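One file, input_35.csv, is given below (CSV, C-alpha atoms and all ligand atoms).
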```
chain,number,residue,atom,x,y,z
A,1,MET,CA,-0.7,-19.5,-1.7
A,2,LYS,CA,1.0,-16.2,-2.4
A,3,ASN,CA,3.9,-14.8,-0.3
A,4,ILE,CA,3.4,-11.2,0.6
A,5,ALA,CA,5.8,-8.5,1.8
A,6,VAL,CA,4.2,-5.4,3.3
A,7,PHE,CA,6.2,-2.1,3.3
A,8,VAL,CA,5.3,0.3,6.1
A,9,SER,CA,6.4,3.7,7.5
A,10,GLY,CA,3.9,4.4,10.3
A,11,GLY,CA,1.0,3.3,12.3
A,12,GLY,CA,0.3,0.2,10.3
A,13,SER,CA,-3.4,0.2,10.5
A,14,ASN,CA,-3.6,-1.1,6.9
A,15,LEU,CA,-1.1,-3.8,7.7
A,16,GLN,CA,-3.4,-4.8,10.7
A,17,ALA,CA,-6.4,-4.9,8.4
A,18,LEU,CA,-4.5,-7.3,6.1
A,19,ILE,CA,-3.3,-9.4,9.0
A,20,ASP,CA,-6.9,-9.7,10.3
A,21,ARG,CA,-8.3,-10.7,6.9
A,22,ILE,CA,-5.6,-13.3,6.4
A,23,LYS,CA,-6.2,-14.7,9.9
A,24,SER,CA,-9.9,-15.0,9.1
A,25,GLY,CA,-9.0,-17.3,6.2
A,26,ASP,CA,-10.4,-15.0,3.6
A,27,ILE,CA,-7.2,-14.3,1.8
A,28,PHE,CA,-5.1,-17.1,0.2
A,29,GLY,CA,-1.8,-15.5,1.1
A,30,LYS,CA,0.8,-15.2,3.8
A,31,ILE,CA,2.7,-12.2,5.0
A,32,VAL,CA,6.3,-13.4,5.0
A,33,ALA,CA,8.0,-10.0,5.8
A,34,VAL,CA,7.2,-6.5,7.0
A,35,ILE,CA,9.7,-4.0,5.6
A,36,ALA,CA,9.9,-0.8,7.7
A,37,SER,CA,11.5,2.5,6.6
A,38,LYS,CA,12.4,3.3,10.2
A,39,PRO,CA,12.6,1.6,13.6
A,40,GLY,CA,10.2,2.1,16.5
A,41,ILE,CA,7.0,2.5,14.5
A,42,LYS,CA,3.8,0.9,15.6
A,43,ALA,CA,3.6,-1.2,12.4
A,44,ILE,CA,6.6,-3.2,13.6
A,45,GLU,CA,4.9,-3.8,16.9
A,46,ARG,CA,1.8,-5.1,15.0
A,47,ALA,CA,4.0,-7.4,13.0
A,48,GLN,CA,5.6,-8.8,16.1
A,49,MET,CA,2.3,-9.3,17.8
A,50,SER,CA,1.3,-11.6,14.9
A,51,GLY,CA,4.6,-13.4,14.7
A,52,ILE,CA,5.7,-11.8,11.4
A,53,ASN,CA,9.3,-11.0,10.8
A,54,SER,CA,10.1,-7.4,10.3
A,55,TYR,CA,13.2,-5.8,8.8
A,56,VAL,CA,14.2,-2.1,9.0
A,57,PHE,CA,15.9,-0.6,5.9
A,58,GLN,CA,16.8,3.1,6.4
A,59,LYS,CA,18.0,5.3,3.7
A,60,SER,CA,20.4,7.0,6.1
A,61,GLU,CA,22.2,3.7,6.5
A,62,HIS,CA,22.8,3.1,2.8
A,63,SER,CA,24.9,5.1,0.4
A,64,THR,CA,22.2,5.1,-2.2
A,65,ALA,CA,18.5,4.2,-2.5
A,66,GLN,CA,19.5,1.9,-5.3
A,67,GLU,CA,21.8,-0.1,-3.0
A,68,MET,CA,19.2,-0.3,-0.3
A,69,PHE,CA,16.6,-1.6,-2.6
A,70,GLU,CA,19.1,-4.2,-4.0
A,71,GLU,CA,19.4,-5.5,-0.5
A,72,ILE,CA,15.6,-5.5,0.0
A,73,ASN,CA,15.2,-7.3,-3.3
A,74,SER,CA,17.7,-10.0,-2.3
A,75,LEU,CA,15.7,-10.5,0.9
A,76,LEU,CA,12.4,-10.7,-1.0
A,77,LYS,CA,13.9,-13.1,-3.5
A,78,SER,CA,15.1,-15.4,-0.6
A,79,LEU,CA,11.6,-15.3,0.8
A,80,ALA,CA,10.0,-16.1,-2.7
A,81,VAL,CA,7.8,-13.0,-2.4
A,82,ASP,CA,5.0,-12.9,-5.0
A,83,LEU,CA,3.4,-9.6,-4.0
A,84,VAL,CA,4.6,-6.3,-2.5
A,85,VAL,CA,2.0,-4.2,-0.7
A,86,LEU,CA,2.8,-0.6,0.1
A,87,ALA,CA,0.7,0.2,3.2
A,88,GLY,CA,1.6,3.8,4.1
A,89,TYR,CA,5.2,3.4,2.9
A,90,LEU,CA,6.8,6.8,2.4
A,91,THR,CA,10.0,6.0,0.5
A,92,ILE,CA,10.0,6.3,-3.3
A,93,LEU,CA,10.8,3.0,-5.0
A,94,PRO,CA,13.6,3.1,-7.7
A,95,GLN,CA,12.6,2.2,-11.2
A,96,SER,CA,14.8,-1.0,-11.2
A,97,PHE,CA,12.8,-2.3,-8.2
A,98,VAL,CA,9.4,-1.4,-9.7
A,99,SER,CA,10.2,-3.1,-13.0
A,100,GLY,CA,11.2,-6.3,-11.2
A,101,TYR,CA,7.7,-6.5,-9.8
A,102,LYS,CA,5.6,-5.4,-12.7
A,103,ASN,CA,1.9,-5.5,-11.7
A,104,ARG,CA,3.0,-7.2,-8.5
A,105,ILE,CA,3.2,-4.0,-6.3
A,106,ILE,CA,0.0,-2.7,-4.8
A,107,ASN,CA,-0.3,0.7,-3.1
A,108,THR,CA,-3.1,2.3,-1.1
A,109,HIS,CA,-3.6,6.1,-1.5
A,110,PRO,CA,-6.1,8.2,0.6
A,111,SER,CA,-7.9,10.0,-2.3
A,112,LEU,CA,-9.7,9.3,-5.5
A,113,ILE,CA,-6.8,9.2,-7.9
A,114,PRO,CA,-6.1,11.2,-10.2
A,115,ALA,CA,-7.2,13.9,-7.7
A,116,PHE,CA,-4.9,14.8,-4.8
A,117,CYS,CA,-2.0,12.5,-5.6
A,118,GLY,CA,1.5,12.7,-7.0
A,119,ASP,CA,4.7,14.1,-5.6
A,120,GLY,CA,4.4,15.5,-2.1
A,121,CYS,CA,0.7,14.5,-1.8
A,122,PHE,CA,0.7,12.2,1.2
A,123,GLY,CA,-0.5,11.9,4.8
A,124,LEU,CA,-2.6,14.7,6.3
A,125,ASN,CA,-1.6,17.0,3.4
A,126,VAL,CA,-4.0,15.1,1.1
A,127,HIS,CA,-7.0,15.7,3.3
A,128,LYS,CA,-6.0,19.4,3.9
A,129,GLN,CA,-6.0,19.9,0.2
A,130,VAL,CA,-9.3,18.2,-0.3
A,131,LEU,CA,-10.9,20.4,2.3
A,132,GLU,CA,-9.3,23.6,1.0
A,133,TYR,CA,-10.6,22.8,-2.5
A,134,GLY,CA,-14.1,22.4,-1.1
A,135,CYS,CA,-14.7,18.9,-2.4
A,136,ARG,CA,-17.9,17.1,-1.4
A,137,VAL,CA,-16.4,13.7,-2.0
A,138,SER,CA,-13.0,12.2,-1.4
A,139,GLY,CA,-12.1,8.5,-1.0
A,140,ALA,CA,-9.6,5.8,-1.2
A,141,THR,CA,-7.7,4.2,-4.2
A,142,VAL,CA,-5.8,0.9,-4.4
A,143,HIS,CA,-3.6,0.6,-7.5
A,144,PHE,CA,-0.7,-1.2,-9.0
A,145,VAL,CA,2.6,0.7,-8.9
A,146,ASP,CA,4.2,1.8,-12.1
A,147,SER,CA,7.2,4.2,-12.8
A,148,GLY,CA,5.3,7.3,-11.7
A,149,THR,CA,4.0,8.5,-8.4
A,150,ASP,CA,0.4,7.3,-7.9
A,151,THR,CA,0.0,6.8,-11.7
A,152,GLY,CA,-0.4,3.0,-12.0
A,153,PRO,CA,-3.5,1.1,-13.0
A,154,ILE,CA,-6.4,1.4,-10.6
A,155,ILE,CA,-7.7,-1.8,-8.9
A,156,LEU,CA,-10.4,-0.5,-6.6
A,157,GLN,CA,-11.8,2.9,-5.5
A,158,GLN,CA,-14.3,3.8,-2.8
A,159,PRO,CA,-15.8,7.3,-2.4
A,160,VAL,CA,-16.0,8.9,1.1
A,161,SER,CA,-18.3,11.9,1.7
A,162,VAL,CA,-16.8,15.1,3.0
A,163,LEU,CA,-19.0,16.1,5.9
A,164,PRO,CA,-19.7,19.7,7.2
A,165,GLY,CA,-17.2,20.6,9.9
A,166,ASP,CA,-14.7,17.9,8.8
A,167,SER,CA,-11.1,18.5,9.8
A,168,PRO,CA,-8.2,16.9,7.9
A,169,GLU,CA,-7.9,14.5,10.8
A,170,SER,CA,-11.6,13.5,10.8
A,171,LEU,CA,-11.6,13.0,7.1
A,172,GLN,CA,-8.4,11.0,7.3
A,173,GLN,CA,-10.0,8.7,9.8
A,174,ARG,CA,-13.0,7.9,7.6
A,175,VAL,CA,-10.8,7.5,4.5
A,176,LEU,CA,-8.6,5.1,6.5
A,177,LEU,CA,-11.7,2.9,7.2
A,178,ALA,CA,-12.3,2.7,3.5
A,179,GLU,CA,-8.7,1.8,2.9
A,180,HIS,CA,-9.0,-1.0,5.4
A,181,GLU,CA,-11.8,-2.5,3.3
A,182,LEU,CA,-10.2,-1.9,-0.2
A,183,LEU,CA,-6.6,-3.0,0.4
A,184,PRO,CA,-7.4,-6.5,1.8
A,185,GLN,CA,-10.0,-6.9,-1.0
A,186,ALA,CA,-7.4,-6.1,-3.7
A,187,VAL,CA,-4.9,-8.4,-2.1
A,188,LYS,CA,-7.5,-11.1,-1.9
A,189,LEU,CA,-8.2,-10.7,-5.7
A,190,PHE,CA,-4.5,-10.8,-6.5
A,191,CYS,CA,-4.0,-13.9,-4.4
A,192,GLU,CA,-6.8,-15.6,-6.3
A,193,ASP,CA,-5.2,-14.6,-9.7
A,194,LYS,CA,-8.3,-12.5,-10.5
A,195,LEU,CA,-6.5,-9.3,-11.5
A,196,TRP,CA,-5.6,-8.8,-15.1
A,197,VAL,CA,-4.0,-5.6,-16.5
A,198,GLU,CA,-4.8,-4.4,-20.0
A,199,GLY,CA,-3.1,-1.0,-20.6
A,200,ARG,CA,-4.3,1.2,-17.8
A,201,THR,CA,-7.3,-0.9,-17.1
A,202,VAL,CA,-7.4,-3.6,-14.4
A,203,ILE,CA,-9.9,-6.3,-15.3
A,204,ILE,CA,-11.3,-8.2,-12.4
A,205,LYS,CA,-12.1,-11.7,-13.4
A,206,GLN,CA,-15.3,-13.2,-11.9
A,301,LIG,C1,-2.9,5.6,4.7
A,301,LIG,O1,-3.8,6.6,4.6
A,301,LIG,C2,-2.1,5.4,3.4
A,301,LIG,O2,-3.0,5.6,2.3
A,301,LIG,C3,-1.2,6.6,3.5
A,301,LIG,O3,-0.7,6.6,4.8
A,301,LIG,C4,-1.7,6.0,5.6
A,301,LIG,C5,-1.1,4.8,6.3
A,301,LIG,O4,-1.8,4.5,7.5
A,301,LIG,N1,-0.2,6.5,2.4
A,301,LIG,P1,-1.4,3.2,8.3
A,301,LIG,O5,0.1,3.3,8.6
A,301,LIG,O6,-1.7,2.0,7.5
A,301,LIG,O7,-2.2,3.3,9.6
```
For this file, produce the structure as structure tokens.
Amino acid sequence: MKNIAVFVSGGGSNLQALIDRIKSGDIFGKIVAVIASKPGIKAIERAQMSGINSYVFQKSEHSTAQEMFEEINSLLKSLAVDLVVLAGYLTILPQSFVSGYKNRIINTHPSLIPAFCGDGCFGLNVHKQVLEYGCRVSGATVHFVDSGTDTGPIILQQPVSVLPGDSPESLQQRVLLAEHELLPQAVKLFCEDKLWVEGRTVIIKQ
């Protein structure tokens, strides 16, 4: 059984998808902590509703990001966390934190990486750019986190068609539904020790 920490910054619909899949018995893992980047967000409410402890770590309350992540790291160590899941978490992780969890941090991104990703490409902005470019297809990507922004080895991807008349909001909603499938699936594979990273390629063991 793997211990999981889920990092959130907003609505937490991906957190909910994970909670639901774990409750259904489909994932051999346990969410031992939700780490929130600000108070009062819906994701915290979702954690509380499911009896999961949540902790708020705000950059404004720490002198440096480094110091904040050292505190987060101590907490994760005390909870024996095996896997960190970034589910709409908007704070950039320092290199020291990332290297301590090599191939043990999973992120979800609402586009088909390497398109529409990288610095500043998050939230509704991603979908606005997809529509402005005139893409026919967008999608969701779940990947391991490395030292870059959205550059780590890809675990799963799912295309989502862009429909005539789509707004950034309507496209965002359909991509979110794809993320709700992909993220729990990737976490399930991790918890079953079925993910193996060779260079940039993630091998999924059968
Ligand atoms: C998701 O689209 C995720 O990819 C992006 O932010 C959104 C988070 O949604 N980084 P939620 O908080 O899980 O509802």
Counting only C-alpha atoms, the option among A:Val8, A:Ile22, A:Ile35, A:Val137 closest to Gly88 (chain A):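 Under the stated criterion, the closest residue is A:Val8.
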Find the nearest atom pair between each residue of chain A and ligand LIG 301 (chain A) for residues within 10 Å, count all atoms listed in the file, give distances in Å to one decimal, sort rows by chain and ascending number, and present the table as CSV.
```
residue,atom,partner,partner_atom,distance
A:Phe7,CA,A:LIG301,O5,9.7
A:Val8,CA,A:LIG301,O5,6.5
A:Ser9,CA,A:LIG301,O5,6.4
A:Gly10,CA,A:LIG301,O5,4.3
A:Gly11,CA,A:LIG301,O5,3.8
A:Gly12,CA,A:LIG301,O5,3.5
A:Ser13,CA,A:LIG301,O7,3.4
A:Asn14,CA,A:LIG301,O6,3.7
A:Leu15,CA,A:LIG301,O6,5.8
A:Gln16,CA,A:LIG301,O6,7.7
A:Ala17,CA,A:LIG301,O6,8.4
A:Leu18,CA,A:LIG301,O6,9.8
A:Ile41,CA,A:LIG301,O5,9.1
A:Lys42,CA,A:LIG301,O5,8.3
A:Ala43,CA,A:LIG301,O5,6.9
A:Leu86,CA,A:LIG301,N1,8.0
A:Ala87,CA,A:LIG301,O6,5.2
A:Gly88,CA,A:LIG301,C5,3.6
A:Tyr89,CA,A:LIG301,N1,6.2
A:Leu90,CA,A:LIG301,N1,7.0
A:Asn107,CA,A:LIG301,O2,7.8
A:Thr108,CA,A:LIG301,O2,4.7
A:His109,CA,A:LIG301,O2,3.9
A:Pro110,CA,A:LIG301,O2,4.4
A:Ser111,CA,A:LIG301,O2,8.0
A:Cys121,CA,A:LIG301,N1,9.1
A:Phe122,CA,A:LIG301,N1,5.9
A:Gly123,CA,A:LIG301,O3,5.3
A:Leu124,CA,A:LIG301,O1,8.4
A:Val126,CA,A:LIG301,O1,9.2
A:His127,CA,A:LIG301,O1,9.7
A:Ala140,CA,A:LIG301,O2,7.5
A:Thr141,CA,A:LIG301,O2,8.1
A:Val142,CA,A:LIG301,O2,8.6
A:Gln172,CA,A:LIG301,O1,6.9
A:Gln173,CA,A:LIG301,O1,8.4
A:Arg174,CA,A:LIG301,O1,9.8
A:Val175,CA,A:LIG301,O1,7.1
A:Leu176,CA,A:LIG301,O1,5.4
A:Leu177,CA,A:LIG301,O1,9.1
A:Ala178,CA,A:LIG301,O1,9.4
A:Glu179,CA,A:LIG301,O2,6.9
A:His180,CA,A:LIG301,O6,8.2
A:Leu183,CA,A:LIG301,O2,9.5
```
In the coordinate frame of the file, compute which residues have an atom within 12 Å of (6.2, -5.5, -13.4) when using all atoms listed in the file, and state them as a PyMOL selection string. chain A and resi 82-84+95-106+144-147+152-153+197
Convert the current residue selection to file output with C-alpha atoms, as a PDB file, in the frame of the given file.
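Output (part-v9.pdb):
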```pdb
ATOM      1  CA  ASP A  82       5.000 -12.900  -5.000  1.00  0.00           C
ATOM      2  CA  LEU A  83       3.400  -9.600  -4.000  1.00  0.00           C
ATOM      3  CA  VAL A  84       4.600  -6.300  -2.500  1.00  0.00           C
ATOM      4  CA  GLN A  95      12.600   2.200 -11.200  1.00  0.00           C
ATOM      5  CA  SER A  96      14.800  -1.000 -11.200  1.00  0.00           C
ATOM      6  CA  PHE A  97      12.800  -2.300  -8.200  1.00  0.00           C
ATOM      7  CA  VAL A  98       9.400  -1.400  -9.700  1.00  0.00           C
ATOM      8  CA  SER A  99      10.200  -3.100 -13.000  1.00  0.00           C
ATOM      9  CA  GLY A 100      11.200  -6.300 -11.200  1.00  0.00           C
ATOM     10  CA  TYR A 101       7.700  -6.500  -9.800  1.00  0.00           C
ATOM     11  CA  LYS A 102       5.600  -5.400 -12.700  1.00  0.00           C
ATOM     12  CA  ASN A 103       1.900  -5.500 -11.700  1.00  0.00           C
ATOM     13  CA  ARG A 104       3.000  -7.200  -8.500  1.00  0.00           C
ATOM     14  CA  ILE A 105       3.200  -4.000  -6.300  1.00  0.00           C
ATOM     15  CA  ILE A 106       0.000  -2.700  -4.800  1.00  0.00           C
ATOM     16  CA  PHE A 144      -0.700  -1.200  -9.000  1.00  0.00           C
ATOM     17  CA  VAL A 145       2.600   0.700  -8.900  1.00  0.00           C
ATOM     18  CA  ASP A 146       4.200   1.800 -12.100  1.00  0.00           C
ATOM     19  CA  SER A 147       7.200   4.200 -12.800  1.00  0.00           C
ATOM     20  CA  GLY A 152      -0.400   3.000 -12.000  1.00  0.00           C
ATOM     21  CA  PRO A 153      -3.500   1.100 -13.000  1.00  0.00           C
ATOM     22  CA  VAL A 197      -4.000  -5.600 -16.500  1.00  0.00           C
TER      23      VAL A 197
END
```
Leaving out region 186-192 of chain A and any residue of its chain fewer than 6 positions from it, which residues lie within 6 Å of it when counting all atoms listed in the file, given as a PDB file with C-alpha atoms, keeping the file's coordinate frame?
```
ATOM      1  CA  LYS A   2       1.000 -16.200  -2.400  1.00  0.00           C
ATOM      2  CA  ILE A  27      -7.200 -14.300   1.800  1.00  0.00           C
ATOM      3  CA  PHE A  28      -5.100 -17.100   0.200  1.00  0.00           C
TER       4      PHE A  28
END
```
Within 8 Å of region 59-73 of chain A, counting only C-alpha atoms, which residues qualify if same-chain residues fewer than 5 places away don't, as number ranges by chain? A: 37, 93-94, 97
Please write the residues from the selection above to a file, keeping C-alpha atoms, as a PDB file, keeping the file's coordinate frame.
```
ATOM      1  CA  SER A  37      11.500   2.500   6.600  1.00  0.00           C
ATOM      2  CA  LEU A  93      10.800   3.000  -5.000  1.00  0.00           C
ATOM      3  CA  PRO A  94      13.600   3.100  -7.700  1.00  0.00           C
ATOM      4  CA  PHE A  97      12.800  -2.300  -8.200  1.00  0.00           C
TER       5      PHE A  97
END
```
Just add all heavy atoms to region 172-183 of chain A and send it as a CSV table (one decimal), in the coordinates of the input.
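The resulting file, rebuild14.csv, is reproduced below:
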```
chain,number,residue,atom,x,y,z
A,172,GLN,N,-9.4,12.1,7.4
A,172,GLN,CA,-8.4,11.0,7.3
A,172,GLN,C,-8.9,9.7,7.9
A,172,GLN,O,-8.7,8.6,7.4
A,172,GLN,CB,-7.1,11.5,8.0
A,172,GLN,CG,-6.0,10.5,7.9
A,172,GLN,CD,-4.7,11.0,8.7
A,172,GLN,OE1,-4.8,11.5,9.8
A,172,GLN,NE2,-3.6,10.9,8.0
A,173,GLN,N,-9.5,9.9,9.1
A,173,GLN,CA,-10.0,8.7,9.8
A,173,GLN,C,-11.0,7.9,9.0
A,173,GLN,O,-11.0,6.7,8.9
A,173,GLN,CB,-10.6,9.0,11.2
A,173,GLN,CG,-9.5,9.3,12.2
A,173,GLN,CD,-8.4,8.2,12.3
A,173,GLN,OE1,-8.7,7.0,12.3
A,173,GLN,NE2,-7.2,8.7,12.2
A,174,ARG,N,-12.0,8.6,8.4
A,174,ARG,CA,-13.0,7.9,7.6
A,174,ARG,C,-12.4,7.3,6.3
A,174,ARG,O,-12.8,6.2,5.9
A,174,ARG,CB,-14.2,8.9,7.3
A,174,ARG,CG,-15.1,9.1,8.5
A,174,ARG,CD,-16.5,9.6,8.0
A,174,ARG,NE,-16.5,10.6,7.0
A,174,ARG,CZ,-16.1,11.9,7.2
A,174,ARG,NH1,-15.8,12.3,8.4
A,174,ARG,NH2,-16.2,12.7,6.2
A,175,VAL,N,-11.5,8.0,5.7
A,175,VAL,CA,-10.8,7.5,4.5
A,175,VAL,C,-10.0,6.2,4.9
A,175,VAL,O,-10.1,5.2,4.1
A,175,VAL,CB,-10.0,8.5,3.8
A,175,VAL,CG1,-9.2,7.9,2.7
A,175,VAL,CG2,-10.8,9.7,3.2
A,176,LEU,N,-9.4,6.3,6.0
A,176,LEU,CA,-8.6,5.1,6.5
A,176,LEU,C,-9.5,3.8,6.6
A,176,LEU,O,-9.2,2.7,6.2
A,176,LEU,CB,-8.0,5.3,7.8
A,176,LEU,CG,-6.5,5.6,7.9
A,176,LEU,CD1,-6.1,5.7,9.4
A,176,LEU,CD2,-5.7,4.5,7.3
A,177,LEU,N,-10.8,4.1,7.1
A,177,LEU,CA,-11.7,2.9,7.2
A,177,LEU,C,-12.0,2.3,5.8
A,177,LEU,O,-12.1,1.1,5.7
A,177,LEU,CB,-13.0,3.4,7.9
A,177,LEU,CG,-12.9,3.8,9.4
A,177,LEU,CD1,-14.2,4.2,9.9
A,177,LEU,CD2,-12.3,2.6,10.2
A,178,ALA,N,-12.1,3.2,4.8
A,178,ALA,CA,-12.3,2.7,3.5
A,178,ALA,C,-11.1,2.0,3.0
A,178,ALA,O,-11.2,0.9,2.4
A,178,ALA,CB,-12.7,3.9,2.5
A,179,GLU,N,-9.9,2.4,3.3
A,179,GLU,CA,-8.7,1.8,2.9
A,179,GLU,C,-8.6,0.4,3.5
A,179,GLU,O,-8.2,-0.6,2.9
A,179,GLU,CB,-7.5,2.6,3.3
A,179,GLU,CG,-7.3,3.9,2.5
A,179,GLU,CD,-6.0,4.6,2.9
A,179,GLU,OE1,-5.0,4.2,2.4
A,179,GLU,OE2,-6.1,5.5,3.7
A,180,HIS,N,-9.1,0.3,4.8
A,180,HIS,CA,-9.0,-1.0,5.4
A,180,HIS,C,-9.9,-2.1,4.8
A,180,HIS,O,-9.8,-3.3,5.0
A,180,HIS,CB,-9.4,-0.9,6.9
A,180,HIS,CG,-8.5,0.0,7.7
A,180,HIS,ND1,-8.8,0.5,8.9
A,180,HIS,CD2,-7.2,0.4,7.4
A,180,HIS,CE1,-7.7,1.2,9.4
A,180,HIS,NE2,-6.8,1.2,8.4
A,181,GLU,N,-10.9,-1.6,4.0
A,181,GLU,CA,-11.8,-2.5,3.3
A,181,GLU,C,-11.1,-2.8,1.9
A,181,GLU,O,-11.0,-4.0,1.5
A,181,GLU,CB,-13.1,-1.9,3.0
A,181,GLU,CG,-14.0,-1.7,4.2
A,181,GLU,CD,-14.4,-3.0,4.8
A,181,GLU,OE1,-14.6,-4.0,4.1
A,181,GLU,OE2,-14.3,-3.1,6.1
A,182,LEU,N,-10.7,-1.8,1.2
A,182,LEU,CA,-10.2,-1.9,-0.2
A,182,LEU,C,-8.9,-2.7,-0.3
A,182,LEU,O,-8.8,-3.5,-1.2
A,182,LEU,CB,-10.0,-0.5,-0.8
A,182,LEU,CG,-11.2,0.3,-1.2
A,182,LEU,CD1,-10.7,1.4,-2.2
A,182,LEU,CD2,-12.3,-0.5,-1.8
A,183,LEU,N,-7.9,-2.4,0.6
A,183,LEU,CA,-6.6,-3.0,0.4
A,183,LEU,C,-6.7,-4.5,0.6
A,183,LEU,O,-6.2,-5.2,-0.3
A,183,LEU,CB,-5.6,-2.3,1.4
A,183,LEU,CG,-4.2,-2.8,1.2
A,183,LEU,CD1,-3.6,-2.5,-0.1
A,183,LEU,CD2,-3.3,-2.2,2.3
```
